[in-house]
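Coordinates as given in input-v9.txt (compact mmCIF, C-alpha atoms):
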```txt
# COMPACT_ATOMS: atom_id res chain seq x y z
CA MET Y 6 -74.98 287.54 -2.63
CA ILE Y 7 -71.83 286.44 -4.33
CA VAL Y 8 -68.71 288.36 -3.65
CA SER Y 9 -66.59 287.89 -6.67
CA SER Y 10 -64.89 284.65 -6.50
CA LEU Y 11 -62.28 284.40 -8.91
CA ILE Y 12 -61.23 280.64 -8.54
CA LEU Y 13 -58.58 281.22 -10.55
CA HIS Y 14 -56.99 278.22 -11.71
CA PRO Y 15 -53.33 278.37 -11.55
CA GLY Y 16 -53.56 280.76 -14.20
CA ILE Y 17 -55.97 281.89 -11.95
CA THR Y 18 -59.34 281.60 -11.03
CA ALA Y 19 -62.23 279.34 -9.94
CA VAL Y 20 -61.72 282.21 -8.44
CA THR Y 21 -58.24 283.52 -8.81
CA ALA Y 22 -55.55 281.29 -7.81
CA PHE Y 23 -54.70 280.95 -4.18
CA SER Y 24 -51.16 281.31 -3.17
CA ALA Y 25 -49.66 279.26 -0.47
CA SER Y 26 -49.96 278.08 3.03
CA ALA Y 27 -51.29 280.72 5.38
CA ALA Y 28 -47.97 281.31 7.03
CA LYS Y 29 -46.36 282.15 3.71
CA LEU Y 30 -49.18 284.03 2.04
CA PRO Y 31 -48.40 287.65 1.23
CA ALA Y 32 -50.43 289.85 3.57
CA ALA Y 33 -52.06 291.67 0.69
CA ALA Y 34 -53.14 288.42 -0.92
CA LEU Y 35 -54.36 286.93 2.34
CA CYS Y 36 -56.56 289.89 3.20
CA ARG Y 37 -58.22 289.66 -0.22
CA GLN Y 38 -59.02 285.97 -0.08
CA ARG Y 39 -62.61 284.95 0.48
CA GLY Y 40 -63.88 281.39 0.61
CA GLY Y 41 -60.81 280.13 -1.10
CA LEU Y 42 -61.06 282.68 -3.85
CA LEU Y 43 -59.03 285.69 -4.55
CA GLN Y 44 -61.05 288.85 -4.87
CA SER Y 45 -60.20 291.61 -7.27
CA ARG Y 46 -61.48 295.07 -6.41
CA THR Y 47 -62.84 297.40 -9.01
CA LYS Y 48 -60.78 300.45 -9.77
CA SER Y 49 -63.24 302.13 -12.08
CA LEU Y 50 -66.27 304.24 -11.50
CA PHE Y 51 -67.89 301.18 -9.90
CA SER Y 52 -65.17 301.03 -7.24
CA LYS Y 53 -66.30 299.70 -3.87
CA GLN Y 54 -69.73 298.86 -5.22
CA TYR Y 55 -71.26 295.54 -6.18
CA ILE Y 56 -71.98 295.15 -9.83
CA ARG Y 57 -75.35 293.55 -10.36
CA THR Y 58 -75.63 290.58 -12.68
CA GLY Y 59 -79.20 289.91 -11.61
CA SER Y 60 -81.72 290.54 -8.87
CA ARG Y 61 -79.98 288.38 -6.27
CA HIS Y 62 -76.47 287.55 -7.35
CA ARG Y 63 -73.70 290.13 -7.30
CA HIS Y 64 -70.01 290.16 -8.11
CA GLN Y 65 -67.11 292.48 -7.69
CA PHE Y 66 -64.61 292.74 -10.50
CA GLY Y 67 -61.30 294.40 -11.24
CA GLY Y 68 -62.37 296.29 -14.32
CA VAL Y 69 -65.65 296.55 -16.19
CA SER Y 70 -65.83 295.41 -19.81
CA ARG Y 71 -68.55 296.31 -22.26
CA LEU Y 72 -70.34 293.02 -21.70
CA LEU Y 73 -70.03 293.27 -17.93
CA TYR Y 74 -71.53 296.75 -18.02
CA ARG Y 75 -74.43 295.63 -20.20
CA PHE Y 76 -75.20 292.59 -18.06
CA ALA Y 77 -74.81 294.65 -14.89
CA SER Y 78 -77.24 297.27 -16.13
CA SER Y 79 -80.25 295.01 -16.35
CA SER Y 80 -81.93 292.25 -14.42
CA THR Y 81 -82.89 288.98 -16.05
CA ASP Y 82 -86.00 289.02 -13.88
CA ALA Y 83 -87.14 292.11 -15.72
CA GLY Y 84 -86.50 290.56 -19.08
CA GLY Y 85 -83.07 292.11 -19.21
CA SER Y 86 -80.09 291.27 -21.33
CA PHE Y 87 -78.92 287.71 -21.88
CA PRO Y 88 -75.82 286.97 -23.98
CA THR Y 89 -75.94 285.57 -27.47
CA LEU Y 90 -74.01 282.39 -28.22
CA GLU Y 91 -71.55 284.43 -30.27
CA GLU Y 92 -70.88 286.68 -27.27
CA VAL Y 93 -70.38 283.67 -25.03
CA LYS Y 94 -67.88 282.13 -27.42
CA LYS Y 95 -65.88 285.37 -27.55
CA ALA Y 96 -66.12 286.11 -23.83
CA GLY Y 97 -62.95 286.30 -21.78
CA PHE Y 98 -62.67 285.23 -18.17
CA GLU Y 99 -64.29 288.25 -16.49
CA ASP Y 100 -67.16 288.34 -18.96
CA SER Y 101 -67.62 284.60 -18.39
CA ILE Y 102 -68.03 285.24 -14.66
CA ALA Y 103 -70.84 287.69 -15.44
CA ILE Y 104 -72.45 285.30 -17.90
CA GLY Y 105 -72.07 282.46 -15.40
CA GLY Y 106 -73.92 284.59 -12.85
CA LEU Y 107 -76.80 285.08 -15.25
CA VAL Y 108 -76.94 281.37 -16.02
CA SER Y 109 -76.90 280.53 -12.29
CA GLU Y 110 -79.74 282.96 -11.65
CA ARG Y 111 -81.85 281.60 -14.50
CA LEU Y 112 -81.37 278.09 -13.13
CA GLU Y 113 -82.37 279.26 -9.65
CA ASP Y 114 -85.52 280.68 -11.24
CA LYS Y 115 -86.12 277.27 -12.88
CA LYS Y 116 -85.50 278.70 -16.34
CA ASP Y 117 -83.68 275.61 -17.56
CA ASP Y 118 -84.77 276.28 -21.11
CA LYS Y 119 -82.99 275.78 -24.42
CA MET Y 120 -81.34 279.21 -24.27
CA THR Y 121 -79.90 278.62 -20.80
CA LYS Y 122 -78.67 275.18 -21.80
CA GLU Y 123 -76.96 276.43 -24.95
CA VAL Y 124 -75.21 279.30 -23.14
CA LEU Y 125 -73.98 276.94 -20.42
CA GLN Y 126 -72.69 274.47 -23.00
CA ALA Y 127 -70.89 277.27 -24.82
CA LEU Y 128 -69.27 278.46 -21.58
CA LEU Y 129 -67.93 274.99 -20.84
CA GLN Y 130 -66.35 274.62 -24.28
CA LYS Y 131 -63.26 276.63 -23.31
CA GLU Y 132 -61.21 277.12 -20.17
CA ALA Y 133 -61.99 280.81 -19.63
CA GLY Y 134 -65.71 280.13 -19.91
CA ALA Y 135 -65.61 277.08 -17.64
CA ARG Y 136 -63.57 278.94 -15.02
CA GLY Y 137 -65.97 281.85 -15.15
CA PHE Y 138 -69.00 279.62 -14.72
CA PHE Y 139 -67.44 277.76 -11.79
CA VAL Y 140 -66.60 281.07 -10.12
CA SER Y 141 -70.22 282.15 -10.20
CA PHE Y 142 -71.85 278.79 -9.59
CA LEU Y 143 -69.63 277.38 -6.84
CA THR Y 144 -69.70 280.61 -4.81
CA SER Y 145 -73.36 281.48 -5.33
CA GLU Y 146 -75.39 282.58 -2.33
CA ASN Y 147 -78.91 283.93 -1.97
CA GLU Y 148 -79.32 287.12 -0.01
CA ASP Y 149 -81.45 285.34 2.58
CA GLY Y 150 -78.69 282.77 3.18
CA SER Y 151 -80.72 279.88 1.78
CA ARG Y 152 -79.17 277.03 -0.20
CA THR Y 153 -78.64 277.44 -3.93
CA LEU Y 154 -78.63 274.86 -6.71
CA ALA Y 155 -74.88 274.51 -6.21
CA ASP Y 156 -75.67 272.66 -2.96
CA SER Y 157 -77.91 270.12 -4.70
CA ASN Y 158 -76.68 266.55 -4.53
CA PRO Y 159 -76.97 265.07 -7.08
CA PRO Y 160 -76.53 268.14 -9.30
CA LEU Y 161 -79.28 269.64 -11.38
CA PRO Y 162 -79.69 267.37 -14.45
CA LEU Y 163 -79.02 270.22 -16.89
CA ILE Y 164 -75.68 270.98 -15.20
CA SER Y 165 -74.79 267.31 -14.86
CA THR Y 166 -75.43 266.69 -18.55
CA ALA Y 167 -73.58 269.82 -19.66
CA LEU Y 168 -70.47 268.83 -17.69
CA LYS Y 169 -70.54 265.27 -19.04
CA GLU Y 170 -70.85 266.55 -22.61
CA ALA Y 171 -68.04 269.08 -22.17
CA ASP Y 172 -64.41 268.30 -22.97
CA ASN Y 173 -63.09 266.72 -19.79
CA LYS Y 174 -59.62 268.03 -20.60
CA VAL Y 175 -61.14 271.45 -19.92
CA VAL Y 176 -63.56 270.88 -17.03
CA GLY Y 177 -61.87 267.91 -15.31
CA PRO Y 178 -58.71 269.63 -14.03
CA LEU Y 179 -60.73 272.71 -13.04
CA LEU Y 180 -63.14 270.63 -10.96
CA VAL Y 181 -60.23 268.97 -9.17
CA MET Y 182 -58.58 272.35 -8.55
CA ASN Y 183 -61.84 273.78 -7.25
CA THR Y 184 -61.88 270.95 -4.72
CA VAL Y 185 -58.20 271.04 -3.84
CA MET Y 186 -57.63 274.78 -3.48
CA PRO Y 187 -60.49 275.72 -1.13
CA THR Y 188 -59.80 272.57 0.90
CA ALA Y 189 -56.26 273.85 1.53
CA MET Y 190 -57.58 277.34 2.23
CA VAL Y 191 -59.83 276.02 4.98
CA LEU Y 192 -56.70 275.33 7.02
CA ALA Y 193 -55.05 278.60 5.99
CA HIS Y 194 -58.05 280.63 7.16
CA ARG Y 195 -58.38 278.69 10.42
CA ARG Y 196 -54.72 279.29 11.22
CA ASN Y 197 -55.37 283.00 10.79
CA GLY Y 198 -58.50 282.92 12.94
CA ASN Y 199 -60.86 283.55 10.01
CA GLN Y 200 -63.54 280.97 10.71
CA ASP Y 201 -66.10 282.65 8.44
CA PHE Y 202 -63.71 282.47 5.50
CA ALA Y 203 -62.88 278.88 6.40
CA GLU Y 204 -66.56 277.98 6.21
CA MET Y 205 -66.90 279.71 2.85
CA SER Y 206 -63.92 277.78 1.52
CA GLN Y 207 -65.37 274.52 2.77
CA ARG Y 208 -68.66 275.25 1.07
CA VAL Y 209 -66.93 275.83 -2.26
CA ALA Y 210 -64.91 272.62 -1.86
CA THR Y 211 -68.01 270.60 -1.00
CA ARG Y 212 -69.88 271.94 -4.02
CA ALA Y 213 -66.98 271.08 -6.33
CA GLN Y 214 -66.85 267.58 -4.81
CA ILE Y 215 -70.51 267.08 -5.69
CA LEU Y 216 -69.76 267.86 -9.34
CA LEU Y 217 -66.66 265.65 -9.32
CA GLU Y 218 -68.57 262.71 -7.86
CA ASP Y 219 -71.11 263.10 -10.66
CA ASN Y 220 -68.41 263.17 -13.34
CA PRO Y 221 -66.81 259.69 -13.51
CA GLU Y 222 -64.66 260.69 -16.48
CA SER Y 223 -62.57 262.79 -14.06
CA LEU Y 224 -61.86 259.85 -11.75
CA SER Y 225 -58.36 259.26 -13.14
CA LEU Y 226 -57.50 262.90 -12.41
CA VAL Y 227 -58.87 262.62 -8.88
CA LYS Y 228 -56.81 259.50 -8.21
CA ALA Y 229 -53.64 261.14 -9.53
CA ALA Y 230 -54.23 264.26 -7.42
CA ARG Y 231 -54.95 262.12 -4.37
CA GLU Y 232 -51.80 260.02 -4.84
CA ALA Y 233 -49.68 263.16 -5.04
CA ALA Y 234 -51.35 264.56 -1.92
CA VAL Y 235 -50.71 261.37 0.04
CA ILE Y 236 -47.05 261.39 -0.92
CA LYS Y 237 -46.68 265.09 -0.09
CA ALA Y 238 -48.47 264.62 3.22
CA ASP Y 239 -46.09 261.84 4.18
CA ALA Y 240 -43.08 263.90 3.11
CA ALA Y 241 -41.98 260.94 0.99
CA ALA Y 242 -39.57 260.97 -1.93
CA ASP Y 243 -40.24 263.32 -4.80
CA ILE Y 244 -42.53 262.10 -7.56
CA ALA Y 245 -41.21 261.71 -11.09
CA SER Y 246 -40.75 264.91 -13.03
CA GLY Y 247 -40.32 265.78 -16.70
CA GLU Y 248 -43.17 265.30 -19.16
CA GLU Y 249 -45.36 263.72 -16.47
CA GLN Y 250 -45.69 267.16 -14.87
CA GLN Y 251 -47.68 268.30 -17.91
CA ASP Y 252 -50.34 265.56 -17.72
CA PRO Y 253 -53.20 266.04 -15.17
CA GLU Y 254 -53.65 262.25 -15.12
CA MET Y 255 -50.18 261.84 -13.61
CA PRO Y 256 -49.39 262.39 -9.90
CA ALA Y 257 -46.33 264.46 -10.89
CA TYR Y 258 -48.62 267.14 -12.34
CA TRP Y 259 -50.42 267.55 -9.03
CA ALA Y 260 -47.23 267.29 -6.97
CA LYS Y 261 -45.91 270.26 -8.93
CA PHE Y 262 -49.24 272.04 -8.41
CA TYR Y 263 -49.10 271.56 -4.63
CA GLU Y 264 -45.51 272.71 -4.55
CA LYS Y 265 -46.33 275.80 -6.59
CA TYR Y 266 -48.95 276.89 -4.07
CA GLN Y 267 -46.80 275.80 -1.13
CA TYR Y 268 -49.34 273.44 0.38
CA ASP Y 269 -47.84 271.87 3.49
CA SER Y 270 -48.29 268.31 4.77
CA ASP Y 271 -51.44 269.13 6.75
CA MET Y 272 -53.06 270.76 3.73
CA CYS Y 273 -52.11 267.82 1.53
CA SER Y 274 -53.51 265.44 4.12
CA ALA Y 275 -56.84 267.30 4.05
CA ILE Y 276 -56.78 267.26 0.25
CA SER Y 277 -56.18 263.50 0.19
CA VAL Y 278 -59.17 262.96 2.50
CA ALA Y 279 -61.43 265.13 0.32
CA LEU Y 280 -60.39 263.34 -2.87
CA SER Y 281 -60.68 259.94 -1.20
CA ASN Y 282 -64.29 260.82 -0.42
CA VAL Y 283 -64.86 261.63 -4.10
CA ILE Y 284 -63.35 258.29 -5.13
CA SER Y 285 -65.47 256.38 -2.61
CA ALA Y 286 -68.66 258.13 -3.72
CA SER Y 287 -67.83 257.44 -7.38
CA SER Y 288 -67.16 253.72 -6.97
```
Write the structure described by the file as structure tokens, please.
Amino acid sequence: MIVSSLILHPGITAVTAFSASAAKLPAAALCRQRGGLLQSRTKSLFSKQYIRTGSRHRHQFGGVSRLLYRFASSSTDAGGSFPTLEEVKKAGFEDSIAIGGLVSERLEDKKDDKMTKEVLQALLQKEAGARGFFVSFLTSENEDGSRTLADSNPPLPLISTALKEADNKVVGPLLVMNTVMPTAMVLAHRRNGNQDFAEMSQRVATRAQILLEDNPESLSLVKAAREAAVIKADAAADIASGEEQQDPEMPAYWAKFYEKYQYDSDMCSAISVALSNVISASS
């Protein structure tokens, strides 16, 4: 089952954004982190319960929207509700997590039909939708502990094609972040003696790496993020600032990102290794 992963891109979420190195993480934030994702507990009538988005996959959310409630109230296995393209296009981040869960389940059930493809493509057209899909897909688990499609290498053709056809300015940075952030959290969890969480984080990072390796258009982003990690790991001079901090293809963007989340030299070293593996696999 999937316990709500909000990797929240800085703004929060491939499952909500992670904060900093373990030593500096606020206690409240640290205790909520799971697999490199920040969980958000429900404070509504669904509090402390898993909201179903299908027969196998479940999520926990901070708040239940109309769409979430509708999707949670029926199983796709029983011919339940599936979003229209218009709903997908209007969906915010939390709704996109729910929709992403439904898409992931349909793919697990080998329902890679036109409807599933179109909904996935619509999700990946905007940042909120892409973040929501990655939250569900990268953290997916079957109740029996078996592998899911997110572990497939190479990725499922439908997913591979959808990512390649999506705007890389949207999905590229998110894929890098979904590799970088859980990689750093592996060390944070280990330092705090949370080996189970460390393994969950590593699984998310590995899954994101698979998608990055299959998306050559993101290679320039990977190289920039790796360069920044190497410099940060070596405690070298600061990287250029200014406008370069706004461009994901520039090391300065990622240097600022690492600084924002207070990744230390060991974390940056682990990040550089992970991204080097992506570069090697892509060449």
- Can you pull out every residue within 9 Å of Asp156 in chain Y, counting only C-alpha atoms, but drop anything in the same chain fewer than 4 positions away, and send it as a PyMOL selection string? chain Y and resi 143+152+160+208+211-212+215
- Surrounding residues of Lys119 in chain Y excluding itself and chain neighbours under 6 positions, 12 Å, only C-alpha atoms, as a PyMOL selection string: chain Y and resi 90+108+111-112+125-126+163
- CA of Leu154 in chain Y to CA of Asp172 in chain Y, distance in Å rounded to a single decimal: 22.6 Å
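A straight line drawn from CA of Asp252 in chain Y to CA of Met186 in chain Y is 18.5 Å long.
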- Message: Quick check, in Å to one decimal: how far apart do CA of Asp239 in chain Y and CA of Cys273 in chain Y lie?
- Response: 8.9 Å
Range 116-133 of chain Y: axis-aligned bounding box, 6 Å on each side, centre and edge lengths in Å, one decimal, as lines of an AutoDock Vina configuration file:
```
center_x = -73.4
center_y = 277.6
center_z = -20.6
size_x = 36.3
size_y = 18.3
size_z = 20.6
```
- Please tell me which residues are no farther than 10 Å from (-49.1, 270.3, -6.7) in the file, counting only C-alpha atoms, and write them as JSON, numbers by chain. {"Y": [182, 185, 230, 233, 234, 237, 250, 256, 257, 258, 259, 260, 261, 262, 263, 264, 265, 266, 267, 268, 273]}
Please provide as a tab-separated table (two decimals) with C-alpha atoms, keeping the file's coordinate frame all residues within 9 Å of Leu226 in chain Y, with the sequence filter that same-chain residues fewer than 2 positions apart are discarded (counting all atoms listed in the file).
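Output saved as out-v6.tsv:
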```tsv
chain	number	residue	atom	x	y	z
Y	177	GLY	CA	-61.87	267.91	-15.31
Y	178	PRO	CA	-58.71	269.63	-14.03
Y	181	VAL	CA	-60.23	268.97	-9.17
Y	222	GLU	CA	-64.66	260.69	-16.48
Y	223	SER	CA	-62.57	262.79	-14.06
Y	224	LEU	CA	-61.86	259.85	-11.75
Y	228	LYS	CA	-56.81	259.50	-8.21
Y	229	ALA	CA	-53.64	261.14	-9.53
Y	230	ALA	CA	-54.23	264.26	-7.42
Y	231	ARG	CA	-54.95	262.12	-4.37
Y	253	PRO	CA	-53.20	266.04	-15.17
Y	254	GLU	CA	-53.65	262.25	-15.12
Y	255	MET	CA	-50.18	261.84	-13.61
Y	256	PRO	CA	-49.39	262.39	-9.90
```
- Identify which of the residues Y:Val176, Y:Asp118, Y:Thr89, Y:Thr166 lies closest to Glu132 in chain Y, counting all atoms listed in the file when measuring atom-to-atom distances. Y:Val176
I'd like the neighbourhood of Thr121 in chain Y as a short mmCIF file (atom, residue, chain, number, x, y, z; two decimals) with C-alpha atoms, keeping the file's coordinate frame, where a residue qualifies if any of its atoms comes within 12 Å (using only C-alpha atoms), though same-chain residues fewer than 5 positions away should be ignored.
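Saved result, result-v5.cif, follows:
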```cif
data_model
loop_
_atom_site.label_atom_id
_atom_site.label_comp_id
_atom_site.auth_asym_id
_atom_site.auth_seq_id
_atom_site.Cartn_x
_atom_site.Cartn_y
_atom_site.Cartn_z
CA THR Y 81 -82.89 288.98 -16.05
CA PHE Y 87 -78.92 287.71 -21.88
CA PRO Y 88 -75.82 286.97 -23.98
CA THR Y 89 -75.94 285.57 -27.47
CA LEU Y 90 -74.01 282.39 -28.22
CA VAL Y 93 -70.38 283.67 -25.03
CA ILE Y 104 -72.45 285.30 -17.90
CA GLY Y 105 -72.07 282.46 -15.40
CA GLY Y 106 -73.92 284.59 -12.85
CA LEU Y 107 -76.80 285.08 -15.25
CA VAL Y 108 -76.94 281.37 -16.02
CA SER Y 109 -76.90 280.53 -12.29
CA GLU Y 110 -79.74 282.96 -11.65
CA ARG Y 111 -81.85 281.60 -14.50
CA LEU Y 112 -81.37 278.09 -13.13
CA GLU Y 113 -82.37 279.26 -9.65
CA ASP Y 114 -85.52 280.68 -11.24
CA LYS Y 115 -86.12 277.27 -12.88
CA LYS Y 116 -85.50 278.70 -16.34
CA GLN Y 126 -72.69 274.47 -23.00
CA ALA Y 127 -70.89 277.27 -24.82
CA LEU Y 128 -69.27 278.46 -21.58
CA LEU Y 163 -79.02 270.22 -16.89
CA ILE Y 164 -75.68 270.98 -15.20
CA ALA Y 167 -73.58 269.82 -19.66
#
```
- Query: Which residues, protein or nucleic acid, reach to within 12 Å of (-67.8, 260.8, -5.5) in the file's coordinates when using all atoms listed in the file, and can you give that as an NGL selection string?
  - Reply: :Y and (158-159 or 181 or 184 or 211-224 or 227-228 or 278-288)
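Minimum atom-to-atom distances from Y:Ala203, Y:Ala155, Y:Val175, Y:Leu192 to Arg136 in chain Y were compared using only C-alpha atoms, and the lowest value belongs to Y:Val175.
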